[in-house]
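*Asks:* Contents of start-v5.cif (mmCIF, C-alpha atoms) are below:
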```cif
data_start
loop_
_atom_site.group_PDB
_atom_site.id
_atom_site.type_symbol
_atom_site.label_atom_id
_atom_site.label_comp_id
_atom_site.auth_asym_id
_atom_site.auth_seq_id
_atom_site.Cartn_x
_atom_site.Cartn_y
_atom_site.Cartn_z
ATOM 1 C CA LYS H 1 -66.547 -60.080 -12.710
ATOM 2 C CA CYS H 2 -64.615 -57.006 -11.557
ATOM 3 C CA VAL H 3 -67.734 -54.867 -11.919
ATOM 4 C CA ALA H 4 -69.736 -57.376 -9.814
ATOM 5 C CA VAL H 5 -67.094 -57.299 -7.045
ATOM 6 C CA TRP H 6 -67.056 -53.483 -7.124
ATOM 7 C CA LEU H 7 -70.872 -53.332 -6.866
ATOM 8 C CA GLN H 8 -70.865 -55.765 -3.936
ATOM 9 C CA ARG H 9 -68.330 -53.620 -2.041
ATOM 10 C CA ARG H 10 -70.296 -50.454 -2.774
ATOM 11 C CA ARG H 11 -73.464 -52.132 -1.498
ATOM 12 C CA LYS H 12 -71.768 -53.116 1.788
ATOM 13 C CA ASP H 13 -70.443 -49.571 2.234
ATOM 14 C CA TRP H 14 -73.891 -48.126 1.571
ATOM 15 C CA CYS H 15 -75.569 -50.495 4.103
ATOM 16 C CA ALA H 16 -72.996 -49.630 6.774
ATOM 17 C CA LEU H 17 -73.536 -45.914 6.169
ATOM 18 C CA LYS H 18 -77.309 -46.359 6.401
ATOM 19 C CA VAL H 19 -77.049 -48.177 9.743
ATOM 20 C CA ARG H 20 -74.797 -45.418 11.137
ATOM 21 C CA ASN H 21 -77.222 -42.745 10.024
ATOM 22 C CA ILE H 22 -80.199 -44.540 11.568
ATOM 23 C CA SER H 23 -78.301 -45.028 14.829
ATOM 24 C CA SER H 24 -77.383 -41.356 15.035
ATOM 25 C CA MET H 25 -80.973 -40.323 14.352
ATOM 26 C CA THR H 26 -82.416 -42.594 17.053
ATOM 27 C CA GLU H 27 -79.946 -41.725 19.825
ATOM 28 C CA THR H 28 -81.971 -38.636 20.705
ATOM 29 C CA SER H 29 -85.392 -40.103 19.938
ATOM 30 C CA SER H 30 -87.907 -41.636 22.307
ATOM 31 C CA CYS H 31 -87.300 -45.108 20.865
ATOM 32 C CA SER H 32 -84.244 -45.751 22.991
ATOM 33 C CA ASP H 33 -85.977 -48.497 24.963
ATOM 34 C CA SER H 34 -83.824 -51.628 25.180
ATOM 35 C CA MET H 35 -86.614 -53.669 23.604
ATOM 36 C CA TYR H 36 -86.323 -51.754 20.334
ATOM 37 C CA ASN H 37 -83.692 -51.708 17.617
ATOM 38 C CA ALA H 38 -82.508 -48.759 15.543
ATOM 39 C CA CYS H 39 -85.494 -48.993 13.220
ATOM 40 C CA GLY H 40 -87.990 -48.800 16.069
ATOM 41 C CA HIS H 41 -89.061 -52.455 15.936
ATOM 42 C CA TRP H 42 -89.231 -54.902 18.826
ATOM 43 C CA ASP H 43 -85.779 -56.347 19.419
ATOM 44 C CA GLY H 44 -86.479 -59.555 21.343
ATOM 45 C CA GLY H 45 -86.821 -58.370 24.942
ATOM 46 C CA ARG H 46 -89.248 -59.911 27.425
ATOM 47 C CA ILE H 47 -92.802 -58.690 26.855
ATOM 48 C CA GLU H 48 -94.235 -57.753 30.247
ATOM 49 C CA LEU H 49 -97.834 -57.613 29.052
ATOM 50 C CA ILE H 50 -97.774 -61.337 28.196
ATOM 51 C CA ASP H 51 -96.370 -62.207 31.627
ATOM 52 C CA ALA H 52 -98.926 -59.908 33.294
ATOM 53 C CA LEU H 53 -101.890 -61.485 31.504
ATOM 54 C CA ARG H 54 -100.597 -64.957 32.373
ATOM 55 C CA GLY H 55 -100.174 -63.917 36.011
ATOM 56 C CA LEU H 56 -103.700 -62.464 36.145
ATOM 57 C CA SER H 57 -105.146 -65.650 34.625
ATOM 58 C CA VAL H 58 -103.339 -67.819 37.189
ATOM 59 C CA LEU H 59 -104.578 -65.714 40.107
ATOM 60 C CA LEU H 60 -108.160 -65.862 38.838
ATOM 61 C CA MET H 61 -107.945 -69.637 38.399
ATOM 62 C CA ILE H 62 -106.595 -69.977 41.943
ATOM 63 C CA LEU H 63 -109.445 -67.818 43.254
ATOM 64 C CA HIS H 64 -111.940 -70.022 41.414
ATOM 65 C CA HIS H 65 -110.462 -73.229 42.836
ATOM 66 C CA PHE H 66 -110.399 -71.725 46.327
ATOM 67 C CA ALA H 67 -114.082 -70.847 45.977
ATOM 68 C CA ILE H 68 -114.827 -74.471 45.015
ATOM 69 C CA ASP H 69 -112.966 -75.678 48.114
ATOM 70 C CA LEU H 70 -114.990 -73.319 50.315
ATOM 71 C CA GLU H 71 -118.225 -74.516 48.720
ATOM 72 C CA MET H 72 -117.295 -78.160 49.404
ATOM 73 C CA PHE H 73 -117.133 -77.344 53.130
ATOM 74 C CA GLY H 74 -120.338 -75.309 53.096
ATOM 75 C CA MET H 75 -118.666 -71.920 53.508
ATOM 76 C CA LEU H 76 -119.923 -70.556 50.175
ATOM 77 C CA PRO H 77 -123.296 -71.163 48.544
ATOM 78 C CA ALA H 78 -123.234 -73.358 45.446
ATOM 79 C CA SER H 79 -125.370 -70.803 43.606
ATOM 80 C CA TRP H 80 -122.416 -68.391 43.739
ATOM 81 C CA VAL H 81 -119.662 -70.798 42.770
ATOM 82 C CA TYR H 82 -121.525 -72.524 39.937
ATOM 83 C CA SER H 83 -123.451 -69.558 38.545
ATOM 84 C CA ASP H 84 -123.516 -68.832 34.816
ATOM 85 C CA ILE H 85 -121.471 -65.660 35.330
ATOM 86 C CA VAL H 86 -118.693 -67.492 37.185
ATOM 87 C CA TYR H 87 -118.703 -70.233 34.555
ATOM 88 C CA ALA H 88 -118.369 -67.680 31.740
ATOM 89 C CA LEU H 89 -115.500 -65.938 33.553
ATOM 90 C CA HIS H 90 -113.831 -69.322 34.083
ATOM 91 C CA LEU H 91 -113.949 -70.023 30.347
ATOM 92 C CA ILE H 92 -112.517 -66.577 29.566
ATOM 93 C CA PHE H 93 -109.485 -66.669 31.862
ATOM 94 C CA ALA H 94 -108.834 -70.336 31.053
ATOM 95 C CA SER H 95 -108.857 -69.434 27.349
ATOM 96 C CA VAL H 96 -106.465 -66.544 27.979
ATOM 97 C CA PHE H 97 -104.096 -68.754 29.961
ATOM 98 C CA ILE H 98 -104.085 -71.532 27.344
ATOM 99 C CA SER H 99 -103.665 -69.142 24.408
ATOM 100 C CA LEU H 100 -100.758 -67.435 26.194
ATOM 101 C CA SER H 101 -99.151 -70.849 26.635
ATOM 102 C CA GLY H 102 -99.429 -71.199 22.870
ATOM 103 C CA VAL H 103 -97.870 -67.752 22.436
ATOM 104 C CA SER H 104 -94.976 -68.768 24.691
ATOM 105 C CA SER H 105 -94.370 -71.821 22.521
ATOM 106 C CA ARG H 106 -93.164 -69.425 19.832
ATOM 107 C CA PHE H 107 -90.374 -68.282 22.150
ATOM 108 C CA SER H 108 -89.357 -71.717 23.461
ATOM 109 C CA ARG H 109 -86.155 -73.400 22.343
ATOM 110 C CA SER H 110 -87.648 -76.882 22.706
ATOM 111 C CA ASN H 111 -91.385 -77.333 23.141
ATOM 112 C CA VAL H 112 -90.973 -81.101 23.446
ATOM 113 C CA LYS H 113 -88.679 -80.777 26.480
ATOM 114 C CA ARG H 114 -90.935 -78.084 27.898
ATOM 115 C CA GLY H 115 -93.946 -80.351 27.449
ATOM 116 C CA ILE H 116 -92.248 -83.294 29.161
ATOM 117 C CA LYS H 117 -91.381 -81.067 32.123
ATOM 118 C CA VAL H 118 -95.008 -79.932 32.421
ATOM 119 C CA LEU H 119 -96.251 -83.536 32.189
ATOM 120 C CA VAL H 120 -93.949 -84.544 35.056
ATOM 121 C CA CYS H 121 -95.445 -81.713 37.113
ATOM 122 C CA ALA H 122 -98.923 -82.883 36.091
ATOM 123 C CA ALA H 123 -98.150 -86.398 37.316
ATOM 124 C CA ILE H 124 -97.114 -84.958 40.686
ATOM 125 C CA VAL H 125 -100.383 -83.004 40.837
ATOM 126 C CA THR H 126 -102.332 -86.198 40.118
ATOM 127 C CA LEU H 127 -100.529 -88.023 42.931
ATOM 128 C CA VAL H 128 -101.037 -85.218 45.465
ATOM 129 C CA THR H 129 -104.711 -84.727 44.602
ATOM 130 C CA TRP H 130 -105.255 -88.498 44.762
ATOM 131 C CA ILE H 131 -103.926 -88.459 48.322
ATOM 132 C CA MET H 132 -106.260 -85.520 49.043
ATOM 133 C CA ASP H 133 -109.199 -87.564 47.611
ATOM 134 C CA MET H 134 -109.930 -84.983 44.892
ATOM 135 C CA THR H 135 -108.002 -86.549 42.028
ATOM 136 C CA ILE H 136 -107.097 -84.576 38.924
ATOM 137 C CA TRP H 137 -106.741 -87.195 36.186
ATOM 138 C CA PHE H 138 -106.467 -84.832 33.242
ATOM 139 C CA GLY H 139 -106.278 -81.180 34.237
ATOM 140 C CA ILE H 140 -104.811 -78.117 32.614
ATOM 141 C CA LEU H 141 -101.176 -79.165 33.200
ATOM 142 C CA HIS H 142 -101.773 -82.556 31.555
ATOM 143 C CA PHE H 143 -103.392 -80.800 28.621
ATOM 144 C CA LEU H 144 -100.658 -78.166 28.251
ATOM 145 C CA GLY H 145 -97.876 -80.756 28.401
ATOM 146 C CA ILE H 146 -99.411 -82.811 25.606
ATOM 147 C CA SER H 147 -100.202 -79.704 23.533
ATOM 148 C CA MET H 148 -96.604 -78.486 23.781
ATOM 149 C CA ILE H 149 -95.278 -81.853 22.648
ATOM 150 C CA ILE H 150 -97.747 -82.027 19.748
ATOM 151 C CA TYR H 151 -96.822 -78.544 18.597
ATOM 152 C CA GLY H 152 -93.105 -79.242 19.028
ATOM 153 C CA LEU H 153 -93.340 -82.333 16.826
ATOM 154 C CA LEU H 154 -95.643 -80.849 14.163
ATOM 155 C CA SER H 155 -94.553 -77.190 14.110
ATOM 156 C CA ARG H 156 -92.686 -77.656 10.817
ATOM 157 C CA TRP H 157 -95.994 -78.313 9.070
ATOM 158 C CA LEU H 158 -98.283 -76.211 11.269
ATOM 159 C CA ASP H 159 -96.159 -73.113 10.649
ATOM 160 C CA LYS H 160 -96.922 -73.226 6.938
ATOM 161 C CA LEU H 161 -100.337 -71.748 7.712
ATOM 162 C CA ASN H 162 -100.538 -67.960 7.442
ATOM 163 C CA PRO H 163 -100.635 -66.705 11.081
ATOM 164 C CA VAL H 164 -103.488 -64.226 10.558
ATOM 165 C CA LEU H 165 -105.556 -66.891 8.811
ATOM 166 C CA GLY H 166 -104.602 -69.365 11.534
ATOM 167 C CA VAL H 167 -105.833 -67.030 14.279
ATOM 168 C CA ILE H 168 -109.234 -66.827 12.565
ATOM 169 C CA ILE H 169 -109.526 -70.543 11.731
ATOM 170 C CA TYR H 170 -108.482 -71.816 15.159
ATOM 171 C CA PHE H 171 -110.668 -69.369 17.086
ATOM 172 C CA VAL H 172 -113.787 -70.047 15.012
ATOM 173 C CA SER H 173 -113.160 -73.801 15.184
ATOM 174 C CA PHE H 174 -112.791 -73.610 18.967
ATOM 175 C CA VAL H 175 -116.110 -71.798 19.347
ATOM 176 C CA ILE H 176 -117.981 -74.212 17.041
ATOM 177 C CA LEU H 177 -116.521 -77.388 18.582
ATOM 178 C CA SER H 178 -117.124 -76.078 22.113
ATOM 179 C CA ILE H 179 -120.840 -75.814 21.374
ATOM 180 C CA PHE H 180 -121.010 -79.534 20.600
ATOM 181 C CA ILE H 181 -118.691 -81.196 23.140
ATOM 182 C CA LEU H 182 -117.650 -78.773 25.918
ATOM 183 C CA ASP H 183 -119.087 -79.845 29.305
ATOM 184 C CA LYS H 184 -121.211 -82.562 27.685
ATOM 185 C CA THR H 185 -121.115 -86.271 28.470
ATOM 186 C CA PHE H 186 -121.266 -89.277 26.161
ATOM 187 C CA ASP H 187 -121.740 -93.043 26.407
ATOM 188 C CA ILE H 188 -118.318 -93.600 24.839
ATOM 189 C CA LYS H 189 -115.544 -95.138 26.939
ATOM 190 C CA TYR H 190 -111.816 -94.314 26.983
ATOM 191 C CA LEU H 191 -112.090 -91.049 24.978
ATOM 192 C CA SER H 192 -112.577 -88.602 27.843
ATOM 193 C CA ILE H 193 -109.044 -87.262 27.400
ATOM 194 C CA LEU H 194 -109.836 -86.394 23.789
ATOM 195 C CA GLY H 195 -112.985 -84.496 24.766
ATOM 196 C CA LEU H 196 -115.758 -87.109 24.554
ATOM 197 C CA ARG H 197 -116.302 -87.280 28.289
ATOM 198 C CA ASN H 198 -117.784 -90.510 29.588
ATOM 199 C CA ARG H 199 -120.633 -90.144 32.056
ATOM 200 C CA ASN H 200 -118.649 -92.031 34.727
ATOM 201 C CA PHE H 201 -115.404 -90.091 34.245
ATOM 202 C CA THR H 202 -114.557 -87.680 37.062
ATOM 203 C CA SER H 203 -111.628 -85.288 37.439
ATOM 204 C CA ALA H 204 -111.360 -82.382 39.862
ATOM 205 C CA ASP H 205 -109.840 -80.338 37.041
ATOM 206 C CA TYR H 206 -110.659 -81.251 33.451
ATOM 207 C CA PHE H 207 -109.255 -79.798 30.232
ATOM 208 C CA PRO H 208 -109.569 -82.312 27.376
ATOM 209 C CA ILE H 209 -107.461 -82.091 24.242
ATOM 210 C CA PHE H 210 -110.480 -81.017 22.199
ATOM 211 C CA PRO H 211 -111.623 -78.308 21.933
ATOM 212 C CA TRP H 212 -108.855 -76.683 24.002
ATOM 213 C CA ILE H 213 -105.974 -77.546 21.689
ATOM 214 C CA LEU H 214 -107.588 -75.235 19.123
ATOM 215 C CA MET H 215 -107.196 -72.367 21.594
ATOM 216 C CA PHE H 216 -103.567 -73.401 22.139
ATOM 217 C CA MET H 217 -102.944 -73.376 18.375
ATOM 218 C CA PHE H 218 -104.674 -70.007 18.203
ATOM 219 C CA GLY H 219 -102.006 -68.824 20.634
ATOM 220 C CA THR H 220 -99.158 -70.220 18.530
ATOM 221 C CA CYS H 221 -100.362 -68.216 15.504
ATOM 222 C CA LEU H 222 -100.798 -65.115 17.639
ATOM 223 C CA GLY H 223 -97.306 -65.688 19.040
ATOM 224 C CA ARG H 224 -95.872 -65.659 15.530
ATOM 225 C CA ILE H 225 -97.502 -62.283 14.875
ATOM 226 C CA ILE H 226 -96.106 -60.980 18.160
ATOM 227 C CA ARG H 227 -92.611 -62.364 17.590
ATOM 228 C CA GLU H 228 -92.410 -60.775 14.141
ATOM 229 C CA GLY H 229 -93.051 -57.374 15.765
ATOM 230 C CA ASN H 230 -96.417 -56.811 14.094
ATOM 231 C CA MET H 231 -98.321 -55.724 17.187
ATOM 232 C CA PRO H 232 -98.735 -52.030 18.146
ATOM 233 C CA ALA H 233 -95.719 -50.452 19.844
ATOM 234 C CA TRP H 234 -97.506 -50.079 23.196
ATOM 235 C CA PHE H 235 -97.963 -53.875 23.347
ATOM 236 C CA TYR H 236 -94.200 -54.346 23.671
ATOM 237 C CA LYS H 237 -93.487 -51.316 25.871
ATOM 238 C CA VAL H 238 -96.271 -51.358 28.488
ATOM 239 C CA LYS H 239 -95.088 -51.830 32.098
ATOM 240 C CA VAL H 240 -97.152 -53.594 34.769
ATOM 241 C CA LYS H 241 -96.383 -54.083 38.468
ATOM 242 C CA PHE H 242 -96.506 -57.400 40.354
ATOM 243 C CA LEU H 243 -98.437 -59.474 37.785
ATOM 244 C CA PRO H 244 -95.455 -60.164 35.460
ATOM 245 C CA SER H 245 -93.520 -61.759 38.322
ATOM 246 C CA VAL H 246 -96.512 -64.020 39.004
ATOM 247 C CA GLY H 247 -96.739 -64.923 35.326
ATOM 248 C CA ARG H 248 -93.065 -65.889 35.147
ATOM 249 C CA LYS H 249 -93.565 -68.368 38.018
ATOM 250 C CA SER H 250 -97.013 -69.557 36.930
ATOM 251 C CA LEU H 251 -96.109 -73.268 36.762
ATOM 252 C CA TRP H 252 -94.858 -73.510 40.325
ATOM 253 C CA ILE H 253 -97.609 -71.284 41.684
ATOM 254 C CA TYR H 254 -100.228 -73.422 39.988
ATOM 255 C CA MET H 255 -98.687 -76.641 41.314
ATOM 256 C CA LEU H 256 -98.611 -75.411 44.902
ATOM 257 C CA HIS H 257 -101.884 -73.503 45.056
ATOM 258 C CA GLN H 258 -104.288 -76.413 45.547
ATOM 259 C CA PRO H 259 -102.634 -77.912 48.655
ATOM 260 C CA VAL H 260 -102.318 -74.396 50.108
ATOM 261 C CA CYS H 261 -105.931 -73.486 49.330
ATOM 262 C CA TYR H 262 -107.159 -76.821 50.672
ATOM 263 C CA GLY H 263 -105.114 -76.373 53.846
ATOM 264 C CA ILE H 264 -106.518 -72.870 54.383
ATOM 265 C CA THR H 265 -110.028 -74.236 53.823
ATOM 266 C CA LEU H 266 -109.502 -76.955 56.454
ATOM 267 C CA LEU H 267 -108.178 -74.354 58.908
ATOM 268 C CA LEU H 268 -111.134 -72.053 58.325
ATOM 269 C CA ASN H 269 -113.507 -74.974 58.735
ATOM 270 C CA GLU H 270 -111.947 -75.840 62.095
ATOM 271 C CA LEU H 271 -112.118 -72.228 63.284
ATOM 272 C CA ILE H 272 -115.734 -71.756 62.216
ATOM 273 C CA ASN H 273 -116.938 -75.046 63.659
#
```
The structure given in the file should be rewritten as structure tokens.
*Replies:*
Amino acid sequence: KCVAVWLQRRRKDWCALKVRNISSMTETSSCSDSMYNACGHWDGGRIELIDALRGLSVLLMILHHFAIDLEMFGMLPASWVYSDIVYALHLIFASVFISLSGVSSRFSRSNVKRGIKVLVCAAIVTLVTWIMDMTIWFGILHFLGISMIIYGLLSRWLDKLNPVLGVIIYFVSFVILSIFILDKTFDIKYLSILGLRNRNFTSADYFPIFPWILMFMFGTCLGRIIREGNMPAWFYKVKVKFLPSVGRKSLWIYMLHQPVCYGITLLLNELIN
């Protein structure tokens, strides 16, 4: 017993000495960034690249919605707004935005509370767009709110999946399922929210649970890899101007953009005509 106590004390002394040595070695090194600890690993600071990508995605989505508003009033040709190139770009930045929301779920203290907050905002968007006669019944905010709650309730079991394997499985599943149900209509009622869109269902913005929740779950697995510090060092250290501040306020910007864009469109229509 005495030997065990002595070994435990020696081990503590050795660990303390090792930490002091590492600290002294890194004081003069280039790894003195506040986001990194003494061993050179990410130490929990805010990752600007994630905020920047989210901000860029939001701005592109706003630009796309503004273009749709202009097309509705005849100020842009439909061949531009609904071209295959624009549609492909829409899928890309929507996928980035949704996957980043999944990444952020790894850093949230309570995804259930976060999801409820987003759903309240989604309900406000539905009310405002209903007044504007361009109702959003189940848009991206509705989808994200439900996805956050689902992940918050099931994360204990979902996190048992290896994150690298999860990234592959969720991404491949998203691509395969998208081929069969994305932007297709069916003669099935009451399942439009799940992804089987009824021919009579209309929504100015539409992001069903499937296949998009697979992209959200892809983001949660990617977020685990990021949070464990397994990305390249530049990923955590890169600095970007302007876009991170947009990304940090993405919810409020997204909520307010449609009334603003619609108001600008009405003003332009009055000036032109």
*Asks:* Using all atoms listed in the file, which of the listed residues (H:Gly166, H:Gly247, H:Gly219, H:Gly263) sits closest to Asp51 in chain H?
*Replies:*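 Between H:Gly166, H:Gly247, H:Gly219, H:Gly263, the residue approaching Asp51 in chain H most closely is H:Gly247.
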*Asks:* Produce a table with one row for each residue of range 86-159 of chain H that has an atom at most 7 Å from any atom of range 52-57 of chain H, each row naming the nearest atom pair and its distance in Å at one decimal; use all atoms listed in the file; arrange rows by chain and rising residue number; format as CSV.
*Replies:*
```
residue,atom,partner,partner_atom,distance
H:Phe93,CA,H:Ser57,CA,5.2
H:Ala94,CA,H:Ser57,CA,7.0
H:Val96,CA,H:Ser57,CA,6.8
H:Phe97,CA,H:Arg54,CA,5.7
H:Leu100,CA,H:Arg54,CA,6.7
```
*Asks:* Take the residues from that selection and write them out as an mmCIF file, in the frame of the given file, keeping C-alpha atoms.
*Replies:*
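Listed below is the output, out-v1.cif:
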```
data_model
loop_
_atom_site.group_PDB
_atom_site.id
_atom_site.type_symbol
_atom_site.label_atom_id
_atom_site.label_comp_id
_atom_site.auth_asym_id
_atom_site.auth_seq_id
_atom_site.Cartn_x
_atom_site.Cartn_y
_atom_site.Cartn_z
ATOM 1 C CA PHE H 93 -109.485 -66.669 31.862
ATOM 2 C CA ALA H 94 -108.834 -70.336 31.053
ATOM 3 C CA VAL H 96 -106.465 -66.544 27.979
ATOM 4 C CA PHE H 97 -104.096 -68.754 29.961
ATOM 5 C CA LEU H 100 -100.758 -67.435 26.194
#
```
*Asks:* Excluding Cys121 in chain H and its own-chain neighbours fewer than 3 positions away, which residues fall within 9 Å of it when counting only C-alpha atoms? Please give them as an NGL selection string.
*Replies:* :H and (116-118 or 124-126 or 141-142 or 251-252 or 255)
*Asks:* Each residue of range 84-122 of chain H lying at most 9 Å from range 222-242 of chain H should get a row with its shortest atom-to-atom pair and the distance in Å to one decimal, counting all atoms listed in the file; could you produce that, ordered by chain and increasing number, as JSON lines?
*Replies:*
```
{"residue": "H:Ser99", "atom": "CA", "partner": "H:Leu222", "partner_atom": "CA", "distance": 8.4}
{"residue": "H:Leu100", "atom": "CA", "partner": "H:Gly223", "partner_atom": "CA", "distance": 8.1}
{"residue": "H:Gly102", "atom": "CA", "partner": "H:Gly223", "partner_atom": "CA", "distance": 7.0}
{"residue": "H:Val103", "atom": "CA", "partner": "H:Gly223", "partner_atom": "CA", "distance": 4.0}
{"residue": "H:Ser104", "atom": "CA", "partner": "H:Gly223", "partner_atom": "CA", "distance": 6.8}
{"residue": "H:Ser105", "atom": "CA", "partner": "H:Gly223", "partner_atom": "CA", "distance": 7.6}
{"residue": "H:Arg106", "atom": "CA", "partner": "H:Gly223", "partner_atom": "CA", "distance": 5.6}
{"residue": "H:Phe107", "atom": "CA", "partner": "H:Arg227", "partner_atom": "CA", "distance": 7.8}
```
*Asks:* Restricting it to C-alpha atoms, dump the selection as a JSON list (two decimals), in the coordinates of the input.
*Replies:*
```json
[["chain", "number", "residue", "atom", "x", "y", "z"],
["H", 99, "SER", "CA", -103.66, -69.14, 24.41],
["H", 100, "LEU", "CA", -100.76, -67.44, 26.19],
["H", 102, "GLY", "CA", -99.43, -71.20, 22.87],
["H", 103, "VAL", "CA", -97.87, -67.75, 22.44],
["H", 104, "SER", "CA", -94.98, -68.77, 24.69],
["H", 105, "SER", "CA", -94.37, -71.82, 22.52],
["H", 106, "ARG", "CA", -93.16, -69.42, 19.83],
["H", 107, "PHE", "CA", -90.37, -68.28, 22.15]]
```
*Asks:* As an exercise, work out the distance from CA of Ile50 in chain H to CA of Phe143 in chain H in Å and give it to one decimal place.
*Replies:*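 Taking CA of Ile50 in chain H and CA of Phe143 in chain H, their separation equals 20.3 Å.
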